Amino acid sequence: MGSFVELSGVGKTYQEPHGRTVIVENFDLNIAKGECVSLLGHEGCGKSTILTMVAGLTAITDGGILVDGHGVEGPGADRRVLFSSPGLLPWMTVFDNVMLSVHQSHRDASGAQCEAIVDDYVRQLGLSEVRSQKAMSLTLAAQQRVGLARALALNPKMLLLDEPFELLDPSSRMDLQTVLLDLHARHSLTTLMITRDIEEALLLSDRVVLMTDGPKATVGKIFDVPFERPRVRADVLSHPRYGDLQQQITAFLDEESRTHAA
């Protein structure tokens, strides 16, 4: 399977009063079309820096990034980012928030066609009962569902998730993970996700990329996730390989902590 996203020798350096600070260096990663890859590592290892460079929100100091054969030189409609805060227009309804994205991605569609598209995404995200409510009145979990609906409605080539469920309570987080599994089954959208949760990474991803601790962070180890799709949480957690993968990832992160402390 060919590479849809290519990160080659990617690095990020900041010039500060005391000198140069290298956040990430020599970062190489290829992502296939339709693949979900998680970046996992300790706080401050540069996970979000990688994601924002792919998004075009942070300038690349070294190396280069290609998405579908095109170099990343800034933000683009082909990549959609969802952070832990969904960034909705709070005074607008769920329907109108999603309609903003539909108007951007379906400029030639009629009003009726746009409404049908919005209703489809609202239905897919389980938001039909709150479609007329203002975003500010929703729970954070429901707001993140709206954020996902808006992201999908833009028809991006790639979805970038920067710890999107970090602020949710455990129950809501599990619900949204299930939603994301369902969306992947429906759309097979190429996804790069940042997380610090091993269970989340193994549940949602096709590969888990472990980063070394910073400064000068890079790819430390990559694990292929063997669980077949479509996935059910209970099946993943009871899979014979799950415990072994969890232990190997934990061991790597523990070793990074010891090395960094030394």
# chains A, B, ... in the order shown; residues from 1 in each chain; ligands from 1
$ residues_around --residues "A:Ser105" --least-positions-apart "5" --cutoff "10 Å" --atoms "only C-alpha atoms" --output "PyMOL selection string"
chain A and resi 77+99-100+114+152-156
$ write_last_selection --atoms "N, CA, C and O atoms" --output "PDB file, in the first residue's frame"
ATOM      1  N   ALA A  77      -7.647  23.155   3.039  1.00  0.00           N
ATOM      2  CA  ALA A  77      -8.952  22.507   3.204  1.00  0.00           C
ATOM      3  C   ALA A  77      -8.846  20.995   3.155  1.00  0.00           C
ATOM      4  O   ALA A  77      -9.791  20.293   3.546  1.00  0.00           O
ATOM      5  N   MET A  99     -23.627  23.573   8.937  1.00  0.00           N
ATOM      6  CA  MET A  99     -23.916  24.187   7.636  1.00  0.00           C
ATOM      7  C   MET A  99     -22.762  25.066   7.164  1.00  0.00           C
ATOM      8  O   MET A  99     -22.492  25.174   5.956  1.00  0.00           O
ATOM      9  N   LEU A 100     -22.047  25.696   8.083  1.00  0.00           N
ATOM     10  CA  LEU A 100     -20.886  26.506   7.697  1.00  0.00           C
ATOM     11  C   LEU A 100     -19.886  25.676   6.901  1.00  0.00           C
ATOM     12  O   LEU A 100     -19.330  26.140   5.897  1.00  0.00           O
ATOM     13  N   CYS A 114     -27.891  21.190   0.465  1.00  0.00           N
ATOM     14  CA  CYS A 114     -27.048  21.478   1.626  1.00  0.00           C
ATOM     15  C   CYS A 114     -27.728  21.040   2.919  1.00  0.00           C
ATOM     16  O   CYS A 114     -27.086  20.461   3.807  1.00  0.00           O
ATOM     17  N   LEU A 152     -15.986  16.454   9.128  1.00  0.00           N
ATOM     18  CA  LEU A 152     -16.335  15.543   8.049  1.00  0.00           C
ATOM     19  C   LEU A 152     -17.051  16.265   6.913  1.00  0.00           C
ATOM     20  O   LEU A 152     -16.862  15.947   5.737  1.00  0.00           O
ATOM     21  N   ALA A 153     -17.863  17.262   7.261  1.00  0.00           N
ATOM     22  CA  ALA A 153     -18.631  17.990   6.250  1.00  0.00           C
ATOM     23  C   ALA A 153     -17.741  18.796   5.311  1.00  0.00           C
ATOM     24  O   ALA A 153     -18.176  19.178   4.216  1.00  0.00           O
ATOM     25  N   LEU A 154     -16.501  19.055   5.711  1.00  0.00           N
ATOM     26  CA  LEU A 154     -15.557  19.765   4.847  1.00  0.00           C
ATOM     27  C   LEU A 154     -14.915  18.837   3.813  1.00  0.00           C
ATOM     28  O   LEU A 154     -14.145  19.301   2.969  1.00  0.00           O
ATOM     29  N   ASN A 155     -15.220  17.547   3.875  1.00  0.00           N
ATOM     30  CA  ASN A 155     -14.648  16.558   2.961  1.00  0.00           C
ATOM     31  C   ASN A 155     -13.123  16.623   2.913  1.00  0.00           C
ATOM     32  O   ASN A 155     -12.516  16.703   1.828  1.00  0.00           O
ATOM     33  N   PRO A 156     -12.454  16.607   4.062  1.00  0.00           N
ATOM     34  CA  PRO A 156     -10.986  16.684   4.049  1.00  0.00           C
ATOM     35  C   PRO A 156     -10.371  15.372   3.580  1.00  0.00           C
ATOM     36  O   PRO A 156     -10.996  14.311   3.648  1.00  0.00           O
TER      37      PRO A 156
END
$ residues_around --residues "stretch 134-136 of chain A" --least-positions-apart "5" --cutoff "8 Å" --atoms "only C-alpha atoms" --output "list in words"
Leu88, Leu89, Pro90, Trp91, Met92, Thr93, Val94 and Gln143 of chain A
$ residues_around --residues "A:Glu256" --least-positions-apart "2" --cutoff "10 Å" --atoms "only C-alpha atoms" --output "MDAnalysis selection string"
chainID A and resid 41:42 211:214 220 250:254 258:262
$ select_by_dssp --residues "stretch 8-227 of chain A" --states "strand (DSSP E)" --output "ChimeraX atom specification"
/A:8-16,19-32,36-40,62-67,70-71,79-82,158-162,190-195,207-211,219-224
$ closest_residue --among "A:Val67, A:Leu29, A:Leu168, A:Met53" --to "A:Val81" --atoms "only C-alpha atoms"
A:Met53
$ closest_residue --among "A:Val146, A:Ile222, A:Ile50, A:Ala141" --to "A:Val118" --atoms "only C-alpha atoms"
A:Val146
$ atom_distance --atom1 "atom CA of A:Leu245" --atom2 "atom CA of A:Thr195"
16.0 Å
$ residues_around --residues "stretch 196-205 of chain A" --least-positions-apart "4" --cutoff "10 Å" --atoms "only C-alpha atoms" --output "number ranges by chain"
A: 35-43, 47, 163, 165-166, 173-174, 177-178, 180-181, 184, 191-192, 209, 223-227, 229, 231-237, 242, 245-247, 249-250
$ write_last_selection --atoms "C-alpha atoms" --output "short mmCIF file (atom, residue, chain, number, x, y, z; two decimals), in the first residue's frame"
data_model
loop_
_atom_site.label_atom_id
_atom_site.label_comp_id
_atom_site.auth_asym_id
_atom_site.auth_seq_id
_atom_site.Cartn_x
_atom_site.Cartn_y
_atom_site.Cartn_z
CA GLU A 35 -4.99 4.49 7.82
CA CYS A 36 -5.36 5.74 11.39
CA VAL A 37 -2.04 6.38 13.12
CA SER A 38 -1.60 7.49 16.73
CA LEU A 39 1.34 9.44 18.08
CA LEU A 40 1.92 8.53 21.70
CA GLY A 41 4.53 9.81 24.11
CA HIS A 42 5.16 11.78 27.27
CA GLU A 43 4.14 15.38 27.81
CA LYS A 47 3.52 15.14 19.47
CA GLU A 163 -6.21 14.76 22.08
CA PHE A 165 -11.30 13.57 24.12
CA GLU A 166 -8.82 14.75 26.76
CA ARG A 173 -14.68 9.57 26.21
CA MET A 174 -15.58 5.93 25.61
CA GLN A 177 -14.17 6.61 20.83
CA THR A 178 -16.99 4.34 19.66
CA LEU A 180 -14.82 7.53 15.91
CA LEU A 181 -14.63 3.78 15.24
CA HIS A 184 -13.71 5.26 10.35
CA THR A 191 -6.22 10.08 10.41
CA LEU A 192 -3.34 11.21 12.60
CA VAL A 209 4.01 5.51 16.81
CA PHE A 223 3.73 -1.00 16.69
CA ASP A 224 1.36 -2.53 14.15
CA VAL A 225 -2.09 -3.02 15.70
CA PRO A 226 -3.40 -6.46 14.63
CA PHE A 227 -7.08 -6.08 15.53
CA ARG A 229 -11.89 -3.79 11.62
CA ARG A 231 -13.75 -3.12 15.95
CA VAL A 232 -15.69 -3.61 19.14
CA ARG A 233 -14.08 -2.47 22.39
CA ALA A 234 -14.74 -5.71 24.26
CA ASP A 235 -13.18 -7.76 21.46
CA VAL A 236 -10.07 -5.57 21.41
CA LEU A 237 -9.58 -5.70 25.18
CA TYR A 242 -3.77 -6.72 23.59
CA LEU A 245 1.13 -4.70 23.19
CA GLN A 246 0.04 -2.67 26.20
CA GLN A 247 3.00 -3.98 28.22
CA ILE A 249 4.27 0.28 24.99
CA THR A 250 4.33 0.87 28.75
#
$ atom_distance --atom1 "atom CA of A:Ile65" --atom2 "atom CA of A:Thr218"
15.0 Å
$ select_by_dssp --residues "stretch 173-256 of chain A" --states "helix (DSSP H, G or I)" --output "PDB file with N, CA and C atoms, in the first residue's frame"
ATOM      1  N   ARG A 173     -15.847   9.869  27.050  1.00  0.00           N
ATOM      2  CA  ARG A 173     -14.677   9.567  26.212  1.00  0.00           C
ATOM      3  C   ARG A 173     -14.859   8.232  25.503  1.00  0.00           C
ATOM      4  N   MET A 174     -15.349   7.233  26.223  1.00  0.00           N
ATOM      5  CA  MET A 174     -15.580   5.929  25.612  1.00  0.00           C
ATOM      6  C   MET A 174     -16.653   6.020  24.529  1.00  0.00           C
ATOM      7  N   ASP A 175     -17.698   6.798  24.779  1.00  0.00           N
ATOM      8  CA  ASP A 175     -18.749   6.978  23.777  1.00  0.00           C
ATOM      9  C   ASP A 175     -18.187   7.591  22.495  1.00  0.00           C
ATOM     10  N   LEU A 176     -17.345   8.619  22.642  1.00  0.00           N
ATOM     11  CA  LEU A 176     -16.790   9.294  21.463  1.00  0.00           C
ATOM     12  C   LEU A 176     -15.778   8.402  20.749  1.00  0.00           C
ATOM     13  N   GLN A 177     -15.072   7.568  21.487  1.00  0.00           N
ATOM     14  CA  GLN A 177     -14.174   6.605  20.830  1.00  0.00           C
ATOM     15  C   GLN A 177     -14.974   5.653  19.943  1.00  0.00           C
ATOM     16  N   THR A 178     -16.123   5.213  20.452  1.00  0.00           N
ATOM     17  CA  THR A 178     -16.992   4.340  19.656  1.00  0.00           C
ATOM     18  C   THR A 178     -17.501   5.060  18.420  1.00  0.00           C
ATOM     19  N   VAL A 179     -17.854   6.334  18.583  1.00  0.00           N
ATOM     20  CA  VAL A 179     -18.284   7.150  17.441  1.00  0.00           C
ATOM     21  C   VAL A 179     -17.180   7.213  16.395  1.00  0.00           C
ATOM     22  N   LEU A 180     -15.938   7.426  16.846  1.00  0.00           N
ATOM     23  CA  LEU A 180     -14.820   7.534  15.910  1.00  0.00           C
ATOM     24  C   LEU A 180     -14.582   6.206  15.186  1.00  0.00           C
ATOM     25  N   LEU A 181     -14.736   5.084  15.889  1.00  0.00           N
ATOM     26  CA  LEU A 181     -14.630   3.777  15.239  1.00  0.00           C
ATOM     27  C   LEU A 181     -15.685   3.637  14.143  1.00  0.00           C
ATOM     28  N   ASP A 182     -16.899   4.064  14.433  1.00  0.00           N
ATOM     29  CA  ASP A 182     -17.978   3.988  13.451  1.00  0.00           C
ATOM     30  C   ASP A 182     -17.700   4.886  12.252  1.00  0.00           C
ATOM     31  N   LEU A 183     -17.189   6.094  12.504  1.00  0.00           N
ATOM     32  CA  LEU A 183     -16.884   7.017  11.412  1.00  0.00           C
ATOM     33  C   LEU A 183     -15.770   6.473  10.527  1.00  0.00           C
ATOM     34  N   HIS A 184     -14.788   5.835  11.147  1.00  0.00           N
ATOM     35  CA  HIS A 184     -13.708   5.255  10.354  1.00  0.00           C
ATOM     36  C   HIS A 184     -14.237   4.135   9.463  1.00  0.00           C
ATOM     37  N   ALA A 185     -15.151   3.342  10.004  1.00  0.00           N
ATOM     38  CA  ALA A 185     -15.744   2.266   9.211  1.00  0.00           C
ATOM     39  C   ALA A 185     -16.539   2.818   8.033  1.00  0.00           C
ATOM     40  N   ARG A 186     -17.178   3.973   8.233  1.00  0.00           N
ATOM     41  CA  ARG A 186     -17.994   4.576   7.169  1.00  0.00           C
ATOM     42  C   ARG A 186     -17.156   5.298   6.121  1.00  0.00           C
ATOM     43  N   HIS A 187     -16.130   6.032   6.582  1.00  0.00           N
ATOM     44  CA  HIS A 187     -15.440   6.969   5.691  1.00  0.00           C
ATOM     45  C   HIS A 187     -13.991   6.606   5.389  1.00  0.00           C
ATOM     46  N   ILE A 198      -2.930   4.736  26.245  1.00  0.00           N
ATOM     47  CA  ILE A 198      -2.534   3.537  25.509  1.00  0.00           C
ATOM     48  C   ILE A 198      -3.754   2.769  25.014  1.00  0.00           C
ATOM     49  N   GLU A 199      -4.769   2.618  25.874  1.00  0.00           N
ATOM     50  CA  GLU A 199      -5.965   1.889  25.461  1.00  0.00           C
ATOM     51  C   GLU A 199      -6.622   2.567  24.265  1.00  0.00           C
ATOM     52  N   GLU A 200      -6.702   3.897  24.295  1.00  0.00           N
ATOM     53  CA  GLU A 200      -7.299   4.643  23.196  1.00  0.00           C
ATOM     54  C   GLU A 200      -6.520   4.423  21.904  1.00  0.00           C
ATOM     55  N   ALA A 201      -5.192   4.472  22.003  1.00  0.00           N
ATOM     56  CA  ALA A 201      -4.358   4.280  20.820  1.00  0.00           C
ATOM     57  C   ALA A 201      -4.556   2.898  20.212  1.00  0.00           C
ATOM     58  N   LEU A 202      -4.588   1.866  21.053  1.00  0.00           N
ATOM     59  CA  LEU A 202      -4.743   0.505  20.547  1.00  0.00           C
ATOM     60  C   LEU A 202      -6.152   0.254  20.025  1.00  0.00           C
ATOM     61  N   LEU A 203      -7.133   0.900  20.602  1.00  0.00           N
ATOM     62  CA  LEU A 203      -8.514   0.719  20.153  1.00  0.00           C
ATOM     63  C   LEU A 203      -8.758   1.351  18.790  1.00  0.00           C
ATOM     64  N   LEU A 204      -8.213   2.535  18.568  1.00  0.00           N
ATOM     65  CA  LEU A 204      -8.585   3.317  17.392  1.00  0.00           C
ATOM     66  C   LEU A 204      -7.615   3.204  16.221  1.00  0.00           C
ATOM     67  N   ARG A 233     -14.982  -2.652  21.263  1.00  0.00           N
ATOM     68  CA  ARG A 233     -14.076  -2.468  22.391  1.00  0.00           C
ATOM     69  C   ARG A 233     -13.821  -3.778  23.160  1.00  0.00           C
ATOM     70  N   ALA A 234     -14.886  -4.490  23.462  1.00  0.00           N
ATOM     71  CA  ALA A 234     -14.742  -5.712  24.260  1.00  0.00           C
ATOM     72  C   ALA A 234     -13.864  -6.736  23.555  1.00  0.00           C
ATOM     73  N   ASP A 235     -13.987  -6.814  22.218  1.00  0.00           N
ATOM     74  CA  ASP A 235     -13.176  -7.763  21.457  1.00  0.00           C
ATOM     75  C   ASP A 235     -11.703  -7.356  21.475  1.00  0.00           C
ATOM     76  N   VAL A 236     -11.447  -6.054  21.384  1.00  0.00           N
ATOM     77  CA  VAL A 236     -10.071  -5.574  21.409  1.00  0.00           C
ATOM     78  C   VAL A 236      -9.427  -5.870  22.761  1.00  0.00           C
ATOM     79  N   LEU A 237     -10.135  -5.538  23.838  1.00  0.00           N
ATOM     80  CA  LEU A 237      -9.575  -5.701  25.175  1.00  0.00           C
ATOM     81  C   LEU A 237      -9.353  -7.164  25.544  1.00  0.00           C
ATOM     82  N   TYR A 242      -3.563  -8.035  22.976  1.00  0.00           N
ATOM     83  CA  TYR A 242      -3.767  -6.719  23.586  1.00  0.00           C
ATOM     84  C   TYR A 242      -2.847  -6.494  24.783  1.00  0.00           C
ATOM     85  N   GLY A 243      -2.840  -7.433  25.715  1.00  0.00           N
ATOM     86  CA  GLY A 243      -2.041  -7.263  26.925  1.00  0.00           C
ATOM     87  C   GLY A 243      -0.559  -7.136  26.624  1.00  0.00           C
ATOM     88  N   ASP A 244      -0.076  -7.914  25.667  1.00  0.00           N
ATOM     89  CA  ASP A 244       1.339  -7.866  25.301  1.00  0.00           C
ATOM     90  C   ASP A 244       1.702  -6.513  24.701  1.00  0.00           C
ATOM     91  N   LEU A 245       0.870  -6.007  23.799  1.00  0.00           N
ATOM     92  CA  LEU A 245       1.129  -4.705  23.194  1.00  0.00           C
ATOM     93  C   LEU A 245       1.104  -3.601  24.246  1.00  0.00           C
ATOM     94  N   GLN A 246       0.138  -3.671  25.139  1.00  0.00           N
ATOM     95  CA  GLN A 246       0.042  -2.672  26.204  1.00  0.00           C
ATOM     96  C   GLN A 246       1.304  -2.679  27.060  1.00  0.00           C
ATOM     97  N   GLN A 247       1.790  -3.864  27.390  1.00  0.00           N
ATOM     98  CA  GLN A 247       2.995  -3.976  28.219  1.00  0.00           C
ATOM     99  C   GLN A 247       4.224  -3.445  27.481  1.00  0.00           C
ATOM    100  N   GLN A 248       4.343  -3.743  26.192  1.00  0.00           N
ATOM    101  CA  GLN A 248       5.500  -3.283  25.431  1.00  0.00           C
ATOM    102  C   GLN A 248       5.513  -1.757  25.314  1.00  0.00           C
ATOM    103  N   ILE A 249       4.350  -1.174  25.091  1.00  0.00           N
ATOM    104  CA  ILE A 249       4.268   0.279  24.992  1.00  0.00           C
ATOM    105  C   ILE A 249       4.601   0.921  26.340  1.00  0.00           C
ATOM    106  N   THR A 250       4.044   0.356  27.411  1.00  0.00           N
ATOM    107  CA  THR A 250       4.328   0.874  28.754  1.00  0.00           C
ATOM    108  C   THR A 250       5.813   0.775  29.064  1.00  0.00           C
ATOM    109  N   ALA A 251       6.432  -0.339  28.693  1.00  0.00           N
ATOM    110  CA  ALA A 251       7.863  -0.535  28.956  1.00  0.00           C
ATOM    111  C   ALA A 251       8.696   0.498  28.214  1.00  0.00           C
ATOM    112  N   PHE A 252       8.336   0.782  26.974  1.00  0.00           N
ATOM    113  CA  PHE A 252       9.078   1.792  26.205  1.00  0.00           C
ATOM    114  C   PHE A 252       8.976   3.158  26.871  1.00  0.00           C
ATOM    115  N   LEU A 253       7.767   3.544  27.263  1.00  0.00           N
ATOM    116  CA  LEU A 253       7.562   4.858  27.875  1.00  0.00           C
ATOM    117  C   LEU A 253       8.282   4.950  29.222  1.00  0.00           C
ATOM    118  N   ASP A 254       8.264   3.858  29.985  1.00  0.00           N
ATOM    119  CA  ASP A 254       8.975   3.852  31.270  1.00  0.00           C
ATOM    120  C   ASP A 254      10.471   4.012  31.055  1.00  0.00           C
ATOM    121  N   GLU A 255      11.006   3.332  30.050  1.00  0.00           N
ATOM    122  CA  GLU A 255      12.437   3.432  29.759  1.00  0.00           C
ATOM    123  C   GLU A 255      12.799   4.851  29.322  1.00  0.00           C
ATOM    124  N   GLU A 256      11.932   5.482  28.539  1.00  0.00           N
ATOM    125  CA  GLU A 256      12.177   6.866  28.142  1.00  0.00           C
ATOM    126  C   GLU A 256      12.215   7.777  29.368  1.00  0.00           C
TER     127      GLU A 256
END
$ atom_distance --atom1 "atom CA of A:Ile60" --atom2 "atom CA of A:Lys221"
22.4 Å
$ residues_around --residues "A:Asp120" --least-positions-apart "5" --cutoff "12 Å" --atoms "only C-alpha atoms" --output "CSV table (one decimal) with all heavy atoms, in the first residue's frame"
chain,number,residue,atom,x,y,z
A,95,PHE,N,-27.2,22.7,13.8
A,95,PHE,CA,-27.4,22.7,12.4
A,95,PHE,C,-26.6,23.8,11.7
A,95,PHE,O,-25.9,23.5,10.7
A,95,PHE,CB,-28.9,22.9,12.1
A,95,PHE,CG,-29.3,22.8,10.7
A,95,PHE,CD1,-29.6,21.5,10.1
A,95,PHE,CD2,-29.3,23.9,9.9
A,95,PHE,CE1,-30.0,21.5,8.8
A,95,PHE,CE2,-29.6,23.8,8.5
A,95,PHE,CZ,-30.0,22.6,8.0
A,98,VAL,N,-22.8,23.1,11.5
A,98,VAL,CA,-22.4,22.2,10.5
A,98,VAL,C,-22.6,22.8,9.1
A,98,VAL,O,-21.8,22.5,8.2
A,98,VAL,CB,-23.2,20.9,10.7
A,98,VAL,CG1,-22.8,19.8,9.6
A,98,VAL,CG2,-22.9,20.3,12.0
A,99,MET,N,-23.6,23.6,8.9
A,99,MET,CA,-23.9,24.2,7.6
A,99,MET,C,-22.8,25.1,7.2
A,99,MET,O,-22.5,25.2,6.0
A,99,MET,CB,-25.2,25.0,7.7
A,99,MET,CG,-25.6,25.7,6.4
A,99,MET,SD,-26.0,24.5,5.1
A,99,MET,CE,-27.7,24.0,5.5
A,102,VAL,N,-20.6,22.8,5.3
A,102,VAL,CA,-21.2,22.3,4.1
A,102,VAL,C,-21.1,23.4,3.0
A,102,VAL,O,-20.9,23.1,1.8
A,102,VAL,CB,-22.6,21.9,4.3
A,102,VAL,CG1,-23.4,21.6,3.0
A,102,VAL,CG2,-22.6,20.6,5.2
A,113,GLN,N,-30.2,20.7,-1.1
A,113,GLN,CA,-29.1,19.7,-1.0
A,113,GLN,C,-28.2,19.9,0.2
A,113,GLN,O,-27.8,19.0,0.8
A,113,GLN,CB,-28.3,19.8,-2.3
A,113,GLN,CG,-29.0,19.3,-3.6
A,113,GLN,CD,-28.3,19.6,-4.8
A,113,GLN,OE1,-27.6,20.6,-5.0
A,113,GLN,NE2,-28.4,18.7,-5.8
A,114,CYS,N,-27.9,21.2,0.5
A,114,CYS,CA,-27.0,21.5,1.6
A,114,CYS,C,-27.7,21.0,2.9
A,114,CYS,O,-27.1,20.5,3.8
A,114,CYS,CB,-26.7,23.0,1.7
A,114,CYS,SG,-25.5,23.5,0.5
A,115,GLU,N,-29.0,21.3,3.0
A,115,GLU,CA,-29.8,20.9,4.2
A,115,GLU,C,-29.7,19.4,4.4
A,115,GLU,O,-29.6,18.8,5.5
A,115,GLU,CB,-31.2,21.4,4.2
A,115,GLU,CG,-31.3,22.9,4.4
A,115,GLU,CD,-32.7,23.4,4.5
A,115,GLU,OE1,-33.6,22.5,4.7
A,115,GLU,OE2,-33.0,24.6,4.3
A,125,LEU,N,-23.6,11.6,13.6
A,125,LEU,CA,-23.0,11.9,14.9
A,125,LEU,C,-24.0,11.8,16.0
A,125,LEU,O,-23.6,12.2,17.1
A,125,LEU,CB,-22.3,13.2,14.8
A,125,LEU,CG,-20.9,13.3,14.3
A,125,LEU,CD1,-20.0,12.5,15.2
A,125,LEU,CD2,-20.8,12.8,12.9
A,126,GLY,N,-25.2,11.3,15.8
A,126,GLY,CA,-26.1,11.2,16.9
A,126,GLY,C,-26.6,12.5,17.5
A,126,GLY,O,-26.9,12.6,18.7
A,127,LEU,N,-26.8,13.5,16.6
A,127,LEU,CA,-27.1,14.8,17.1
A,127,LEU,C,-28.5,15.3,16.6
A,127,LEU,O,-28.9,16.5,16.8
A,127,LEU,CB,-26.1,15.8,16.5
A,127,LEU,CG,-24.7,15.7,17.1
A,127,LEU,CD1,-23.7,16.4,16.2
A,127,LEU,CD2,-24.6,16.2,18.5
A,128,SER,N,-29.3,14.4,16.1
A,128,SER,CA,-30.6,14.8,15.5
A,128,SER,C,-31.5,15.5,16.5
A,128,SER,O,-32.2,16.4,16.2
A,128,SER,CB,-31.3,13.6,14.9
A,128,SER,OG,-30.6,13.1,13.8
A,131,ARG,N,-30.3,19.2,17.1
A,131,ARG,CA,-29.9,19.9,15.9
A,131,ARG,C,-30.3,21.4,16.0
A,131,ARG,O,-29.6,22.3,15.3
A,131,ARG,CB,-30.5,19.3,14.6
A,131,ARG,CG,-32.0,19.4,14.5
A,131,ARG,CD,-32.6,18.6,13.4
A,131,ARG,NE,-32.1,19.0,12.0
A,131,ARG,CZ,-32.7,20.0,11.3
A,131,ARG,NH1,-33.7,20.7,11.9
A,131,ARG,NH2,-32.3,20.2,10.1
A,149,ALA,N,-18.6,16.4,13.2
A,149,ALA,CA,-19.6,16.6,12.0
A,149,ALA,C,-19.1,17.7,11.1
A,149,ALA,O,-19.1,17.6,9.9
A,149,ALA,CB,-21.0,16.9,12.6
A,150,ARG,N,-18.6,18.8,11.7
A,150,ARG,CA,-18.1,19.9,10.9
A,150,ARG,C,-16.9,19.5,10.1
A,150,ARG,O,-16.7,19.9,9.0
A,150,ARG,CB,-17.8,21.1,11.8
A,150,ARG,CG,-19.0,21.9,12.4
A,150,ARG,CD,-18.5,23.1,13.2
A,150,ARG,NE,-17.8,24.0,12.3
A,150,ARG,CZ,-17.2,25.1,12.8
A,150,ARG,NH1,-17.2,25.4,14.1
A,150,ARG,NH2,-16.6,26.0,12.0
A,152,LEU,N,-16.0,16.5,9.1
A,152,LEU,CA,-16.3,15.5,8.0
A,152,LEU,C,-17.1,16.3,6.9
A,152,LEU,O,-16.9,15.9,5.7
A,152,LEU,CB,-17.2,14.4,8.6
A,152,LEU,CG,-16.5,13.4,9.5
A,152,LEU,CD1,-17.6,12.5,10.1
A,152,LEU,CD2,-15.5,12.6,8.8
A,153,ALA,N,-17.9,17.3,7.3
A,153,ALA,CA,-18.6,18.0,6.2
A,153,ALA,C,-17.7,18.8,5.3
A,153,ALA,O,-18.2,19.2,4.2
A,153,ALA,CB,-19.6,18.9,6.9
$ closest_residue --among "A:Pro215, A:Ser85, A:Ala112, A:Ala142" --to "A:Leu167" --atoms "only C-alpha atoms"
A:Ser85
$ closest_residue --among "A:His106, A:Gly34, A:Glu25, A:Ser188" --to "A:Asp68" --atoms "only C-alpha atoms"
A:Gly34
$ closest_residue --among "A:Asp28, A:Gly56, A:Pro86, A:Asp119" --to "A:Leu138" --atoms "only C-alpha atoms"
A:Pro86
$ closest_residue --among "A:Arg207, A:Arg79, A:Lys12, A:Arg145" --to "A:Leu160" --atoms "only C-alpha atoms"
A:Arg79
$ decode --residues "stretch 236-240 of chain A" --atoms "all heavy atoms" --output "compact mmCIF listing (two decimals), in the first residue's frame"
# COMPACT_ATOMS: atom_id res chain seq x y z
N VAL A 236 -11.45 -6.05 21.38
CA VAL A 236 -10.07 -5.57 21.41
C VAL A 236 -9.43 -5.87 22.76
O VAL A 236 -8.31 -6.40 22.85
CB VAL A 236 -10.01 -4.06 21.10
CG1 VAL A 236 -8.62 -3.49 21.39
CG2 VAL A 236 -10.41 -3.79 19.66
N LEU A 237 -10.13 -5.54 23.84
CA LEU A 237 -9.58 -5.70 25.18
C LEU A 237 -9.35 -7.16 25.54
O LEU A 237 -8.50 -7.47 26.38
CB LEU A 237 -10.49 -5.04 26.21
CG LEU A 237 -10.66 -3.52 26.09
CD1 LEU A 237 -11.56 -2.98 27.19
CD2 LEU A 237 -9.31 -2.80 26.11
N SER A 238 -10.10 -8.07 24.92
CA SER A 238 -9.95 -9.49 25.22
C SER A 238 -9.07 -10.22 24.21
O SER A 238 -8.84 -11.42 24.32
CB SER A 238 -11.33 -10.17 25.26
OG SER A 238 -11.97 -10.08 24.00
N HIS A 239 -8.55 -9.49 23.24
CA HIS A 239 -7.71 -10.10 22.20
C HIS A 239 -6.41 -10.61 22.83
O HIS A 239 -5.82 -9.95 23.70
CB HIS A 239 -7.40 -9.07 21.12
CG HIS A 239 -6.80 -9.65 19.88
ND1 HIS A 239 -5.47 -10.00 19.78
CD2 HIS A 239 -7.35 -9.93 18.67
CE1 HIS A 239 -5.23 -10.48 18.58
NE2 HIS A 239 -6.35 -10.45 17.88
N PRO A 240 -5.91 -11.77 22.40
CA PRO A 240 -4.69 -12.33 22.98
C PRO A 240 -3.47 -11.42 22.88
O PRO A 240 -2.56 -11.50 23.72
CB PRO A 240 -4.47 -13.61 22.17
CG PRO A 240 -5.82 -13.97 21.63
CD PRO A 240 -6.52 -12.67 21.41
